[in-house]
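The file coords_1.cif comes next; it holds mmCIF, C-alpha atoms.
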```cif
data_coords
loop_
_atom_site.label_atom_id
_atom_site.label_comp_id
_atom_site.auth_asym_id
_atom_site.auth_seq_id
_atom_site.Cartn_x
_atom_site.Cartn_y
_atom_site.Cartn_z
CA MET A 3 -22.80 21.21 -6.24
CA SER A 4 -23.23 23.93 -8.81
CA TRP A 5 -26.59 24.54 -10.42
CA SER A 6 -25.21 26.33 -13.46
CA VAL A 7 -23.22 23.23 -14.37
CA ILE A 8 -26.39 21.20 -14.19
CA VAL A 9 -28.44 23.67 -16.20
CA GLN A 10 -25.78 23.87 -18.88
CA SER A 11 -25.62 20.11 -19.23
CA LEU A 12 -29.40 19.66 -19.52
CA PRO A 13 -29.65 19.93 -23.34
CA MET A 14 -27.07 17.13 -23.71
CA PHE A 15 -28.84 15.01 -21.12
CA GLN A 16 -32.11 15.62 -22.89
CA LYS A 17 -30.69 14.05 -26.06
CA GLY A 18 -29.40 11.08 -24.11
CA PHE A 19 -32.74 10.78 -22.32
CA ILE A 20 -34.67 10.67 -25.58
CA LEU A 21 -32.25 8.13 -27.04
CA THR A 22 -32.59 5.92 -23.97
CA LEU A 23 -36.39 6.08 -24.33
CA GLN A 24 -36.34 5.37 -28.07
CA MET A 25 -33.95 2.44 -27.85
CA SER A 26 -35.77 1.00 -24.82
CA ALA A 27 -39.10 1.22 -26.64
CA LEU A 28 -37.78 -0.46 -29.79
CA GLY A 29 -35.88 -3.11 -27.85
CA ILE A 30 -38.82 -3.91 -25.57
CA LEU A 31 -41.24 -4.11 -28.50
CA GLY A 32 -38.88 -6.47 -30.30
CA ALA A 33 -38.33 -8.51 -27.15
CA ILE A 34 -42.07 -8.89 -26.55
CA ILE A 35 -42.67 -10.08 -30.12
CA LEU A 36 -39.70 -12.48 -30.01
CA GLY A 37 -40.70 -13.66 -26.55
CA LEU A 38 -44.28 -14.33 -27.64
CA VAL A 39 -43.15 -16.31 -30.69
CA CYS A 40 -40.70 -18.34 -28.55
CA SER A 41 -43.26 -18.96 -25.85
CA LEU A 42 -45.97 -20.04 -28.31
CA SER A 43 -43.59 -22.38 -30.10
CA GLN A 44 -42.84 -24.02 -26.75
CA TYR A 45 -46.47 -24.03 -25.64
CA PHE A 46 -47.61 -25.80 -28.80
CA LYS A 47 -44.45 -27.96 -28.86
CA VAL A 48 -43.54 -27.08 -32.45
CA PRO A 49 -41.06 -29.88 -33.32
CA VAL A 50 -37.66 -28.39 -34.27
CA LEU A 51 -38.35 -24.80 -33.33
CA LYS A 52 -39.02 -25.78 -29.72
CA ARG A 53 -35.48 -27.18 -29.40
CA ILE A 54 -33.86 -24.11 -30.95
CA VAL A 55 -35.91 -21.83 -28.73
CA GLY A 56 -34.88 -23.83 -25.65
CA ILE A 57 -31.18 -23.41 -26.49
CA TYR A 58 -31.62 -19.73 -27.29
CA ILE A 59 -33.38 -19.05 -23.99
CA GLU A 60 -30.64 -20.71 -21.93
CA LEU A 61 -27.85 -18.94 -23.84
CA SER A 62 -29.51 -15.58 -23.55
CA ARG A 63 -30.53 -15.83 -19.90
CA ASN A 64 -27.20 -17.10 -18.64
CA THR A 65 -24.88 -14.54 -20.22
CA PRO A 66 -24.54 -10.81 -19.49
CA LEU A 67 -25.77 -8.19 -21.95
CA LEU A 68 -22.34 -6.56 -21.98
CA ILE A 69 -20.60 -9.58 -23.45
CA GLN A 70 -23.50 -10.13 -25.85
CA LEU A 71 -23.04 -6.58 -27.09
CA PHE A 72 -19.26 -6.96 -27.38
CA PHE A 73 -19.72 -10.15 -29.34
CA ILE A 74 -22.24 -8.56 -31.72
CA TYR A 75 -20.37 -5.29 -32.10
CA TYR A 76 -16.73 -6.43 -32.17
CA GLY A 77 -16.93 -10.16 -32.80
CA LEU A 78 -19.48 -10.55 -35.60
CA PRO A 79 -17.65 -8.26 -38.07
CA GLY A 80 -15.10 -11.12 -38.16
CA LEU A 81 -17.81 -13.15 -39.89
CA GLY A 82 -18.63 -10.27 -42.21
CA LEU A 83 -21.68 -9.12 -40.20
CA LYS A 84 -21.23 -5.46 -39.48
CA PHE A 85 -23.87 -3.26 -37.84
CA SER A 86 -23.88 0.27 -36.50
CA ALA A 87 -23.70 0.68 -32.74
CA TYR A 88 -27.42 1.55 -32.59
CA VAL A 89 -28.47 -1.55 -34.47
CA CYS A 90 -26.16 -3.65 -32.26
CA GLY A 91 -27.75 -2.14 -29.18
CA ILE A 92 -31.26 -3.01 -30.36
CA ILE A 93 -30.21 -6.51 -31.44
CA GLY A 94 -28.57 -7.07 -28.07
CA LEU A 95 -31.59 -5.84 -26.13
CA VAL A 96 -33.98 -7.96 -28.21
CA PHE A 97 -31.69 -10.99 -27.85
CA LEU A 98 -31.53 -10.57 -24.09
CA GLY A 99 -35.12 -9.47 -23.56
CA GLY A 100 -36.68 -12.09 -25.84
CA SER A 101 -35.82 -14.91 -23.46
CA TYR A 102 -37.03 -13.04 -20.38
CA MET A 103 -40.31 -12.16 -22.11
CA ALA A 104 -40.67 -15.75 -23.33
CA GLU A 105 -40.37 -17.04 -19.76
CA GLY A 106 -42.88 -14.40 -18.67
CA PHE A 107 -45.42 -15.49 -21.28
CA THR A 108 -44.78 -19.17 -20.57
CA GLY A 109 -45.47 -18.56 -16.89
CA GLY A 110 -48.78 -16.96 -17.86
CA PHE A 111 -49.82 -19.69 -20.31
CA ASP A 112 -48.92 -22.40 -17.79
CA GLY A 113 -51.04 -20.66 -15.20
CA ILE A 114 -54.25 -21.08 -17.17
CA ALA A 115 -56.55 -23.57 -15.45
CA LYS A 116 -56.68 -26.87 -17.27
CA SER A 117 -60.46 -26.86 -17.07
CA GLN A 118 -60.49 -23.76 -19.28
CA ILE A 119 -58.63 -25.48 -22.09
CA GLU A 120 -60.62 -28.67 -21.77
CA SER A 121 -63.88 -26.73 -21.80
CA GLY A 122 -62.73 -24.95 -24.93
CA LEU A 123 -61.91 -28.23 -26.62
CA ALA A 124 -65.22 -29.70 -25.46
CA LEU A 125 -67.04 -26.79 -27.12
CA GLY A 126 -65.30 -27.76 -30.35
CA LEU A 127 -62.94 -24.82 -30.66
CA SER A 128 -60.10 -25.21 -33.14
CA THR A 129 -56.51 -24.62 -31.96
CA ALA A 130 -56.58 -21.15 -33.50
CA GLN A 131 -59.85 -20.31 -31.77
CA LEU A 132 -58.63 -21.77 -28.50
CA THR A 133 -55.52 -19.58 -28.72
CA ARG A 134 -57.48 -16.50 -29.71
CA TYR A 135 -60.34 -16.72 -27.21
CA VAL A 136 -59.04 -18.75 -24.26
CA ILE A 137 -55.26 -18.99 -24.03
CA PHE A 138 -54.42 -15.47 -25.16
CA PRO A 139 -56.69 -13.35 -23.00
CA GLN A 140 -56.16 -15.39 -19.84
CA GLY A 141 -52.48 -16.12 -20.36
CA PHE A 142 -51.73 -12.50 -21.14
CA ALA A 143 -53.49 -11.31 -17.99
CA LEU A 144 -51.52 -13.80 -15.92
CA SER A 145 -48.17 -12.84 -17.45
CA VAL A 146 -48.53 -9.08 -17.00
CA PRO A 147 -46.62 -8.91 -13.66
CA ALA A 148 -43.63 -10.76 -15.13
CA LEU A 149 -43.69 -8.67 -18.31
CA ALA A 150 -43.83 -5.47 -16.29
CA ALA A 151 -40.79 -6.49 -14.25
CA ASN A 152 -38.96 -7.33 -17.48
CA ILE A 153 -39.78 -3.96 -19.01
CA ILE A 154 -38.21 -2.16 -16.04
CA PHE A 155 -35.23 -4.51 -16.15
CA LEU A 156 -34.65 -3.91 -19.87
CA ILE A 157 -34.80 -0.14 -19.54
CA LYS A 158 -32.13 -0.33 -16.86
CA GLU A 159 -30.04 -2.60 -19.06
CA THR A 160 -29.87 0.09 -21.77
CA SER A 161 -27.34 1.81 -19.49
CA ILE A 162 -24.88 -0.86 -20.66
CA PHE A 163 -25.12 0.52 -24.22
CA THR A 164 -22.51 3.01 -23.09
CA VAL A 165 -19.79 0.36 -23.66
CA ILE A 166 -20.33 0.47 -27.42
CA ALA A 167 -20.41 4.27 -27.33
CA ILE A 168 -24.12 4.85 -27.89
CA PRO A 169 -24.75 8.35 -26.50
CA GLU A 170 -27.66 7.41 -24.21
CA LEU A 171 -28.13 8.72 -20.67
CA THR A 172 -25.25 6.92 -18.95
CA ASN A 173 -22.86 7.55 -21.82
CA THR A 174 -23.75 11.24 -21.78
CA ALA A 175 -22.99 11.45 -18.06
CA LEU A 176 -19.69 9.58 -18.37
CA ASP A 177 -18.67 11.73 -21.33
CA LEU A 178 -19.40 14.93 -19.44
CA ILE A 179 -17.54 13.67 -16.37
CA GLY A 180 -14.57 12.85 -18.57
CA MET A 181 -14.57 16.35 -20.04
CA TYR A 182 -15.33 18.59 -17.06
CA TYR A 183 -14.89 16.35 -14.02
CA LYS A 184 -18.03 17.65 -12.29
CA THR A 185 -18.89 14.21 -10.97
CA ASN A 186 -21.53 15.07 -8.36
CA GLU A 187 -23.59 17.22 -10.69
CA TYR A 188 -23.61 14.87 -13.64
CA LEU A 189 -24.23 11.75 -11.58
CA LEU A 190 -27.17 13.49 -9.90
CA VAL A 191 -28.71 14.37 -13.25
CA LEU A 192 -28.08 10.82 -14.44
CA ILE A 193 -29.89 9.28 -11.48
CA ILE A 194 -32.76 11.74 -11.75
CA GLY A 195 -32.99 10.93 -15.45
CA TYR A 196 -33.53 7.23 -14.74
CA ALA A 197 -35.87 8.03 -11.86
CA ILE A 198 -38.03 10.17 -14.18
CA ILE A 199 -38.44 7.21 -16.51
CA LEU A 200 -38.68 4.37 -14.02
CA ILE A 201 -40.69 5.67 -11.07
CA PRO A 202 -43.80 6.75 -13.05
CA LEU A 203 -43.50 3.65 -15.22
CA SER A 204 -43.34 1.36 -12.24
CA ILE A 205 -46.38 3.05 -10.70
CA LEU A 206 -48.23 2.77 -14.02
CA LEU A 207 -47.34 -0.90 -14.38
CA THR A 208 -48.42 -1.71 -10.81
CA TRP A 209 -51.76 -0.03 -11.53
CA LEU A 210 -52.08 -1.94 -14.79
CA GLU A 211 -51.31 -5.20 -13.01
CA ARG A 212 -54.11 -4.55 -10.56
CA ARG A 213 -56.56 -3.62 -13.32
CA ILE A 214 -55.80 -6.52 -15.57
CA ARG A 215 -55.84 -9.10 -12.80
CA TYR A 216 -59.63 -8.97 -12.98
CA GLY A 217 -59.31 -10.30 -16.52
CA ALA A 218 -57.83 -13.54 -15.23
CA PHE A 219 -60.24 -16.38 -14.65
CA GLY A 220 -61.56 -16.76 -11.12
CA HIS A 221 -61.74 -13.09 -10.10
CA MET B 24 -10.24 -17.49 -40.77
CA ALA B 25 -12.41 -19.86 -38.83
CA HIS B 26 -9.98 -22.69 -38.18
CA SER B 27 -6.93 -20.68 -37.18
CA GLY B 28 -8.57 -17.86 -35.26
CA ILE B 29 -9.39 -19.98 -32.25
CA ASN B 30 -5.67 -20.39 -31.53
CA ILE B 31 -5.64 -16.88 -30.07
CA ILE B 32 -7.17 -18.33 -26.92
CA PHE B 33 -4.26 -20.72 -26.39
CA GLU B 34 -1.44 -18.52 -27.73
CA GLY B 35 1.28 -17.86 -25.11
CA ALA B 36 -0.14 -17.23 -21.66
CA ASN B 37 -3.50 -16.05 -23.01
CA PHE B 38 -5.57 -18.86 -21.56
CA ALA B 39 -3.98 -18.55 -18.12
CA ARG B 40 -4.54 -14.79 -18.22
CA LEU B 41 -8.20 -15.23 -19.11
CA MET B 42 -8.59 -17.65 -16.21
CA GLY B 43 -6.85 -15.16 -13.92
CA GLY B 44 -9.36 -12.52 -15.02
CA LEU B 45 -12.19 -14.95 -14.48
CA TRP B 46 -10.98 -15.56 -10.94
CA VAL B 47 -11.16 -11.81 -10.20
CA THR B 48 -14.73 -11.82 -11.54
CA ILE B 49 -15.69 -14.84 -9.46
CA ARG B 50 -14.00 -13.48 -6.34
CA VAL B 51 -16.00 -10.25 -6.48
CA ALA B 52 -19.19 -12.19 -7.07
CA LEU B 53 -18.54 -14.70 -4.26
CA ILE B 54 -17.68 -12.12 -1.59
CA SER B 55 -20.66 -9.95 -2.52
CA ILE B 56 -23.05 -12.87 -2.58
CA ALA B 57 -21.84 -14.17 0.80
CA ILE B 58 -21.88 -10.87 2.70
CA GLY B 59 -24.88 -9.48 0.83
CA GLY B 60 -26.80 -12.70 1.36
CA VAL B 61 -26.35 -12.64 5.13
CA LEU B 62 -27.14 -8.93 5.26
CA GLY B 63 -30.17 -9.45 3.03
CA ILE B 64 -31.60 -12.16 5.28
CA LEU B 65 -31.23 -9.92 8.33
CA LEU B 66 -32.84 -6.98 6.54
CA GLY B 67 -35.58 -9.24 5.20
CA VAL B 68 -36.44 -10.37 8.73
CA LEU B 69 -36.42 -6.74 9.89
CA ARG B 70 -38.82 -5.85 7.10
CA THR B 71 -41.47 -8.19 8.51
CA PHE B 72 -41.50 -6.23 11.79
CA HIS B 73 -44.30 -3.77 12.29
CA ASN B 74 -42.18 -0.72 12.99
CA ARG B 75 -43.35 1.88 10.45
CA LEU B 76 -40.13 3.89 10.33
CA LEU B 77 -37.95 0.80 9.95
CA ARG B 78 -40.13 -0.50 7.14
CA PHE B 79 -40.05 2.85 5.36
CA VAL B 80 -36.26 3.22 5.55
CA LEU B 81 -35.63 -0.32 4.34
CA ARG B 82 -38.16 0.08 1.56
CA LEU B 83 -36.42 3.28 0.46
CA TYR B 84 -33.09 1.46 0.44
CA LEU B 85 -34.53 -1.30 -1.72
CA GLU B 86 -36.17 1.06 -4.20
CA PHE B 87 -32.99 3.13 -4.51
CA PHE B 88 -31.01 0.07 -5.55
CA ARG B 89 -33.84 -1.13 -7.78
CA ILE B 90 -34.44 2.06 -9.70
CA ILE B 91 -30.85 3.02 -10.42
CA PRO B 92 -29.06 0.91 -13.04
CA THR B 93 -26.03 -0.94 -11.68
CA VAL B 94 -23.69 0.89 -14.04
CA ALA B 95 -24.75 4.18 -12.51
CA LEU B 96 -24.40 2.74 -8.99
CA LEU B 97 -20.85 1.61 -9.72
CA PHE B 98 -19.85 5.03 -10.97
CA LEU B 99 -21.65 6.72 -8.12
CA PHE B 100 -19.58 4.82 -5.55
CA TYR B 101 -16.43 4.90 -7.68
CA TYR B 102 -16.44 8.69 -7.90
CA ILE B 103 -18.22 9.75 -4.74
CA LEU B 104 -16.38 7.61 -2.15
CA PRO B 105 -12.92 9.11 -2.77
CA LYS B 106 -14.11 12.59 -3.66
CA ASP B 107 -16.65 13.39 -0.97
CA MET B 108 -15.86 10.84 1.71
CA HIS B 109 -12.08 10.68 1.27
CA LEU B 110 -12.21 6.94 1.13
CA ASN B 111 -9.68 5.76 -1.43
CA LEU B 112 -10.42 2.14 -2.18
CA PRO B 113 -9.19 -0.02 -5.03
CA ALA B 114 -11.80 -0.38 -7.77
CA GLU B 115 -12.33 -4.03 -6.92
CA GLU B 116 -13.35 -3.18 -3.35
CA VAL B 117 -15.68 -0.44 -4.55
CA ALA B 118 -17.31 -3.06 -6.76
CA VAL B 119 -17.64 -5.46 -3.82
CA ILE B 120 -19.38 -2.74 -1.79
CA VAL B 121 -21.83 -1.97 -4.59
CA PHE B 122 -22.64 -5.60 -5.35
CA THR B 123 -22.96 -6.43 -1.64
CA LEU B 124 -25.43 -3.60 -1.04
CA TRP B 125 -27.34 -4.52 -4.18
CA MET B 126 -27.45 -8.20 -3.26
CA ALA B 127 -28.62 -7.32 0.27
CA ALA B 128 -31.38 -5.06 -1.09
CA GLU B 129 -32.75 -7.61 -3.55
CA ALA B 130 -32.32 -10.53 -1.15
CA SER B 131 -34.17 -8.67 1.60
CA ASP B 132 -37.22 -8.41 -0.63
CA ILE B 133 -37.13 -12.11 -1.48
CA VAL B 134 -36.76 -13.06 2.19
CA ARG B 135 -39.58 -10.73 3.23
CA GLY B 136 -41.86 -12.14 0.54
CA ALA B 137 -41.12 -15.71 1.61
CA LEU B 138 -41.57 -15.00 5.32
CA GLU B 139 -44.88 -13.30 4.67
CA SER B 140 -46.20 -16.20 2.63
CA VAL B 141 -45.86 -18.66 5.48
CA PRO B 142 -49.52 -19.40 6.36
CA GLN B 143 -50.93 -17.33 9.21
CA HIS B 144 -52.13 -20.38 11.14
CA GLN B 145 -48.52 -21.58 11.44
CA ILE B 146 -47.59 -18.38 13.23
CA GLU B 147 -50.68 -18.49 15.42
CA SER B 148 -50.07 -22.12 16.34
CA GLY B 149 -46.50 -21.24 17.24
CA LEU B 150 -47.65 -18.41 19.46
CA ALA B 151 -50.34 -20.60 20.98
CA ILE B 152 -47.80 -23.16 22.17
CA GLY B 153 -45.90 -20.29 23.78
CA LEU B 154 -42.96 -19.74 21.44
CA SER B 155 -41.10 -16.45 21.87
CA ARG B 156 -40.53 -14.30 18.81
CA ASN B 157 -36.99 -15.64 18.42
CA GLN B 158 -38.18 -19.21 18.66
CA LEU B 159 -40.97 -18.46 16.23
CA TYR B 160 -38.47 -17.30 13.59
CA ARG B 161 -35.96 -20.04 14.40
CA PHE B 162 -38.32 -23.02 14.40
CA VAL B 163 -41.33 -22.00 12.32
CA LEU B 164 -40.82 -19.12 9.93
CA VAL B 165 -37.25 -19.63 8.71
CA PRO B 166 -37.42 -23.40 8.03
CA GLN B 167 -40.72 -23.05 6.20
CA SER B 168 -39.79 -20.04 4.14
CA ILE B 169 -36.35 -21.26 3.05
CA LYS B 170 -37.98 -23.60 0.56
CA LEU B 171 -40.02 -20.73 -0.83
CA MET B 172 -37.11 -18.34 -1.22
CA MET B 173 -34.47 -20.66 -2.64
CA PRO B 174 -35.36 -20.47 -6.37
CA ALA B 175 -35.49 -16.67 -6.30
CA LEU B 176 -32.26 -16.41 -4.30
CA ILE B 177 -30.43 -18.66 -6.74
CA ASN B 178 -31.71 -16.61 -9.66
CA LEU B 179 -30.41 -13.55 -7.86
CA VAL B 180 -26.99 -15.21 -7.58
CA THR B 181 -26.84 -15.69 -11.35
CA ARG B 182 -27.89 -12.07 -11.80
CA ILE B 183 -25.02 -10.94 -9.60
CA ILE B 184 -22.54 -13.12 -11.50
CA LYS B 185 -23.78 -11.77 -14.82
CA THR B 186 -23.63 -8.20 -13.60
CA THR B 187 -19.97 -8.59 -12.63
CA SER B 188 -19.38 -8.09 -16.35
CA LEU B 189 -19.71 -4.40 -15.54
CA LEU B 190 -16.47 -4.51 -13.51
CA LEU B 191 -14.70 -3.58 -16.72
CA MET B 192 -16.27 -0.13 -16.59
CA ILE B 193 -14.52 0.90 -13.41
CA SER B 194 -11.32 -0.64 -14.81
CA VAL B 195 -11.12 -3.74 -12.65
CA LEU B 196 -8.95 -6.33 -14.43
CA ASP B 197 -11.79 -8.82 -14.80
CA VAL B 198 -12.15 -11.48 -17.47
CA ILE B 199 -13.56 -9.08 -20.09
CA ASN B 200 -10.88 -6.48 -19.47
CA VAL B 201 -8.15 -9.13 -19.85
CA GLY B 202 -9.92 -10.32 -23.00
CA GLN B 203 -9.75 -6.81 -24.46
CA GLN B 204 -6.05 -6.62 -23.72
CA ILE B 205 -5.44 -9.96 -25.41
CA ILE B 206 -7.42 -8.87 -28.48
CA GLU B 207 -5.46 -5.64 -28.75
CA ALA B 208 -2.07 -7.28 -28.20
CA ASN B 209 -2.76 -9.87 -30.91
CA GLN B 210 -4.44 -7.54 -33.40
CA GLN B 211 -1.72 -8.08 -36.03
CA GLN B 212 -1.64 -11.83 -35.91
CA TYR B 213 -5.32 -12.43 -35.22
CA PRO B 214 -7.46 -9.72 -36.82
CA GLN B 215 -10.58 -11.71 -35.89
CA GLY B 216 -9.48 -12.21 -32.30
CA ALA B 217 -12.52 -10.33 -30.95
CA PHE B 218 -14.85 -13.01 -32.31
CA TRP B 219 -13.03 -15.83 -30.52
CA ILE B 220 -12.14 -14.11 -27.28
CA TYR B 221 -15.58 -12.58 -26.71
CA GLY B 222 -17.13 -15.83 -27.86
CA ALA B 223 -15.02 -17.70 -25.28
CA ILE B 224 -15.98 -15.28 -22.50
CA PHE B 225 -19.63 -15.61 -23.53
CA PHE B 226 -19.37 -19.36 -22.95
CA LEU B 227 -17.39 -18.97 -19.72
CA TYR B 228 -20.26 -16.94 -18.29
CA PHE B 229 -22.73 -19.47 -19.62
CA ILE B 230 -20.85 -22.40 -18.04
CA ILE B 231 -20.85 -20.65 -14.66
CA CYS B 232 -24.48 -19.48 -14.68
CA TYR B 233 -26.20 -22.41 -16.35
CA PRO B 234 -25.92 -24.88 -13.42
CA PHE B 235 -27.45 -22.28 -11.12
CA SER B 236 -30.43 -21.71 -13.40
CA LEU B 237 -30.93 -25.46 -13.76
CA LEU B 238 -30.91 -25.79 -9.98
CA ALA B 239 -33.36 -22.90 -9.59
CA LYS B 240 -35.68 -24.43 -12.15
CA ARG B 241 -35.58 -27.82 -10.46
CA LEU B 242 -36.30 -26.34 -7.03
CA GLN B 243 -39.14 -24.32 -8.51
CA ARG B 244 -40.72 -27.43 -9.95
CA ASN B 245 -40.45 -29.38 -6.70
CA LYS B 246 -41.98 -26.63 -4.65
#
```
Same coordinates, now as structure tokens:
Amino acid sequence: MSWSVIVQSLPMFQKGFILTLQMSALGILGAIILGLVCSLSQYFKVPVLKRIVGIYIELSRNTPLLIQLFFIYYGLPGLGLKFSAYVCGIIGLVFLGGSYMAEGFTGGFDGIAKSQIESGLALGLSTAQLTRYVIFPQGFALSVPALAANIIFLIKETSIFTVIAIPELTNTALDLIGMYYKTNEYLLVLIIGYAIILIPLSILLTWLERRIRYGAFGH
Amino acid sequence: MAHSGINIIFEGANFARLMGGLWVTIRVALISIAIGGVLGILLGVLRTFHNRLLRFVLRLYLEFFRIIPTVALLFLFYYILPKDMHLNLPAEEVAVIVFTLWMAAEASDIVRGALESVPQHQIESGLAIGLSRNQLYRFVLVPQSIKLMMPALINLVTRIIKTTSLLLMISVLDVINVGQQIIEANQQQYPQGAFWIYGAIFFLYFIICYPFSLLAKRLQRNK
């Protein structure tokens, strides 16, 4: 183990680190929005959309991100759809994450006590009001644990971006190993890089879970 | 392009080769799930014991495998085993080790969670009628918690199967790696081969994983 090797590689790792963070943030944001739309369309049983969403969720949850990325990056140009590696990465992460987030939200919405919805209807709330004041706040609080687990999962999945040559953390490490063959050093930095992102985040999310649980009905 | 491109899958021995690759993928997944599952159940039972040190070590093991992405784990074992431990294993066996340890880590947490959610009065009743600790696990805790842990364990199985797609990265000749070779070999004749081959592999994974998720969902509903 040589410290100078590590120190010299830090600027490159820093770039990869920032890219991992940026792409995770974009992908997770997209996945949450897509997941919410999918979940709501299933919750309110929107006629055709519900079907499409059901098929999408099964396709996305039962296939690996790697093959999704390969299909988007190498396969879709055959249909004339060509994207840069970065865009493919984000599309892939949103495609994968959307279904996981949707299931997370659905779990939350399904957990709302029936009496809450019936009371809302009895008070004469419209569907929009019911969603805004009853379903949303309670369902969101209930789905936070699942969403938190998904966020961690998606950040880890960005390591697969390396297969379409996006220079994120893992790709940086593999590139450096290929060039200088200092495996121990670079792998150590790689693991520390992920630990720096994931350990504080997982502590933060656990804390958030505990805080927000009071928002759920019955506590 | 659309109507002729699909022939790449059935050209020559391509289909048989893809299936051969798929078998490698499935083999790695099956061995890891079997060994890792047994190991995970043992570790899960150990994690319900009150020994502080034991709990801490097992927790550390779990968090290590949880925090580090599987890609990084694969490379860690792929490079470190031969270099620092002088253990030269074929890539496929390295992958089996990684997936087994990962499966065991995740399964241990599921098993622990299920064992701990068996109601306290069940344990106390068992003790009251004079069951030993072994008997308590054998007749009370395990039968009652199996129902609780099944959906999560089955979901874990699909996760392992999906993650075998990473085998390609440590150059195991799995289904995706074979697919790449087919695409490259047929580049001239089938310029859009990537669309069909990757599309086919996408569906192969789906066909394997979908029954498991259906089963998990059904068990979850009947709980």
(request) Compare B:Asn245, B:Asn209, B:Trp125, B:Phe229 by their minimum atom-to-atom distance to Phe33 of chain B, counting all atoms listed in the file, and give me the closest one. (result) B:Asn209
(message) Starting from the PyMOL selection byres ((chain B and resi 96) around 12), expand the selection into actual residues of this file and give them as an NGL selection string.
(response) (:A and (158 or 161 or 172 or 189-190 or 192-193 or 196)) or (:B and (87-95 or 97-104 or 117-125 or 186 or 189-190 or 192-193))
(message) I'd like to see the residues matched by the PyMOL selection byres ((chain B) within 6 of (chain A)) on this file, and ideally I'd get them as an MDAnalysis selection string.
(response) chainID B and resid 92 185 215 217:218 221 228:229 232:233
Adding 6 Å on each side of the box along x, y and z that holds all listed atoms of segment 136-139 of chain B, could you give its centre and edge lengths in Å to one decimal, as JSON?
```
{"center_x": -43.0, "center_y": -13.9, "center_z": 2.9, "size_x": 15.8, "size_y": 15.6, "size_z": 16.8}
```
(request) Could you tell me how far atom CA of Leu28 of chain A lies from atom CA of Ile166 of chain A, in Å and to one decimal? (result)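 Going from atom CA of Leu28 of chain A over to atom CA of Ile166 of chain A covers 17.6 Å.
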(request) Counting all atoms listed in the file, figure out which residue out of A:Leu207, A:Val7, A:Ile214, A:Val96 gets nearest to Ala150 of chain A. (result) A:Leu207
